[in-house]
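**Student:** Can you read through this structure? Questions will come right after.
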Amino acid sequence: QDPTAAHYMFQDDPYLMPRNAANARLFALSMESGRNAAKYIIKQFPEYFDKILAEPNIPCLMPEMLAPQIEGVSEEALKERIHLRRVKESVDLFDQLIQAGTPVSLETTNSLLDLLCFFGDGESTPEKEEEEKDELEEPGVKASEQKAPKRQLQRGLQSSGSSWRENNNAERIFKIMPERNAHSYCTMIRGMVKHGAFAKAYDMYIDLLNERHKADVHTFNALITAAPYLKERFLERWELAKDFLNHMAQQEVQPNLLTFNALLKTLRRCGSIGKSMSISVIKEMEALDIEPSLATYDHLLSIFYRGVEICPSGIISEVLDDVEKRSFAPQDPDDGMAFNCCDLKDIKLADRLNKAMEKGDNWKFMDMDRSNAYWSKFFSLLCMMEQIDVVLKWYKEMSPSVFYPTPKNILDLLQALDAANQLEVIPSVWEDMKQLGFNRRPELLEELLSLMSRDQHPEEVQLAFAKCAEDIKAGYEQTGKEQVPLEWTGSALGCVALLFSRVGRTQDAWYVNLLERFQQINRIPNDQVMEEFLNCAKQTNCPEEAVKLVKLAASLGLSASQRLKSRMEKEFELSEKQK
């Protein structure tokens, strides 16, 4: 893989390659938006795509025909529209059949309930088919009996429950069904949980039991996931989840991987109870010969590592022991390689996680946002813990093919270069900063100028530093309608002057740092800058500038004013007026 190339998903064109993480996200979303727009046009206007001119014809590359073929009001037409996921048309056709007195079979009505409970009352779209991952973590607590914050619980209910309307089409059709079987109840329960109506889902489950039906494993999985929203106390949540497990045993329903993942997901919201019970859940999985998925490990680590302030335990090492041996396949919507080794500041664990990600297709579990966040944390950890040669090796291989450095990454890299006394690499880092669009970040510019101007370096390095200073100066002086102007600071002005003066560019130093410029921005130059000013005046033999310098130092009340005055009198030939 070419380390200088962008991700393969982007066009191989300089104008279409992202420069930083924000551009990469924007470009990726734009491409996906274009695909969705194309699907929408094909779905809305199928008559314009009925001619297939490709030779040879490859069906999987052709647009899918989504237009209904069966006309009229019949159960077969209803089945076709349910299959095509036409939510509104399916409901209208069902109502027409009921009004006409035509009976609809239980199987077809259940299929319609499946459609309504999955999509709600809205039409099926690609955006609706993507479920957002819930905010799982609760604040840490000392006692398992402590209540969960009501405000946070209510916020979760409102955010997730807004899509299930009172007496919506699913509830209306369920109520008028002449007969209902276990599938009807299970579909309603799962739909209510999916759309946030947790209390209604629990009531529906009670009705299912009263009708002497049995729930399936998917329904129990949904109910276990809903347990944190049905009870406030952490212990009550866990007791409710255990009740569902007991009901599974009574109804002879065999648990699967998603059942245990739902349990761990619930334990993430059970405070300290989660730590004591999660290990028992994992042991039960082993007893049933059920292999954990990545979501299992993600929930387990989130229970034991709620933040970097928590003391590390050996759980993550045991998890990596297992992850390193396997190549995973998707089994749970929550599957992902979002482990927090980097937050624990352990470089060995991070290296092991990298090797696990490279095994098989494990890397596919990292989407663009997760991948960039992970590599950003990993690179910051490298800058903190590794030798500079290793840091630079990773930096050259990862950027921009694997991730786009953030401003914090660049700051960490500069500090690592400073600690290793390899500041000669700064000019190449500056070129990368320009490519990434960070050449107008004040905090980065200040750090860069400070490091370059702090000490004297060999002539070749000083020339490269001066070139960087020239680019930075141009950025400060650049004015554009779409850009917020950068404001000079006293330290930035002084650093640029020092860098110019050290390579003999005294005129540039004076131009940038005209003494009036400090007064205009209400800043006070430090003693080192004033000394360099005087050196510049001496090199150009300008006693007038030396006099202006001493006057400015005196007006600002600088402690170096007397020393500057003594140097001026010794090193310059002054006229009577200047004296």
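How things are named: the first chain in the structure tokens is A, the next is B, and so on; residues count from 1 in each chain; ligands count from 1 in the order shown.
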Residues within 12 Å of Val425 in chain A, please, as a VMD selection string. Count only C-alpha atoms; anything in the same chain fewer than 6 positions from it doesn't count.
**Tutor:** chain A and resid 388 to 389 392 413 to 418 431 to 432 448 451 to 452 461 to 462 464 to 465 468
**Student:** Show which residues sit within 8 Å of Leu534 in chain A, as a PyMOL selection string. Count only C-alpha atoms, and ignore same-chain residues fewer than 3 positions away.
**Tutor:** chain A and resi 530-531+537-538+546+549+564+568
**Student:** Between CA of Val496 in chain A and CA of Ala469 in chain A, what is the spacing in Å?
**Tutor:** 5.7 Å
**Student:** Please identify all polymer residues within 12 Å of Ser566 in chain A, counting only C-alpha atoms, omitting same-chain residues fewer than 3 positions from it, and present them as a ChimeraX atom specification.
**Tutor:** /A:534,546-547,550,560-563,569-572,579
**Student:** Which is closer to Tyr297 in chain A than all the others in A:Ala197, A:Ile315, A:Ala67, A:Met398, using only C-alpha atoms?
**Tutor:**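 Ranked by minimum distance to Tyr297 in chain A, first place goes to A:Ile315.
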**Student:** When distances are computed from only C-alpha atoms, which of A:Glu386, A:Lys467, A:Phe260, A:Arg165 shows the smallest separation from Ile426 in chain A?
**Tutor:**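 Of the candidates, the smallest distance to Ile426 in chain A is held by A:Lys467.
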**Student:** CA of Ile82 in chain A and CA of Gln44 in chain A, how far apart in Å?
**Tutor:**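 Computed distance, CA of Gln44 in chain A to CA of Ile82 in chain A, equals 17.0 Å.
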**Student:** Could you state the separation of CA of Ser376 in chain A and CA of Leu300 in chain A in Å, given to one decimal place?
**Tutor:** 23.4 Å
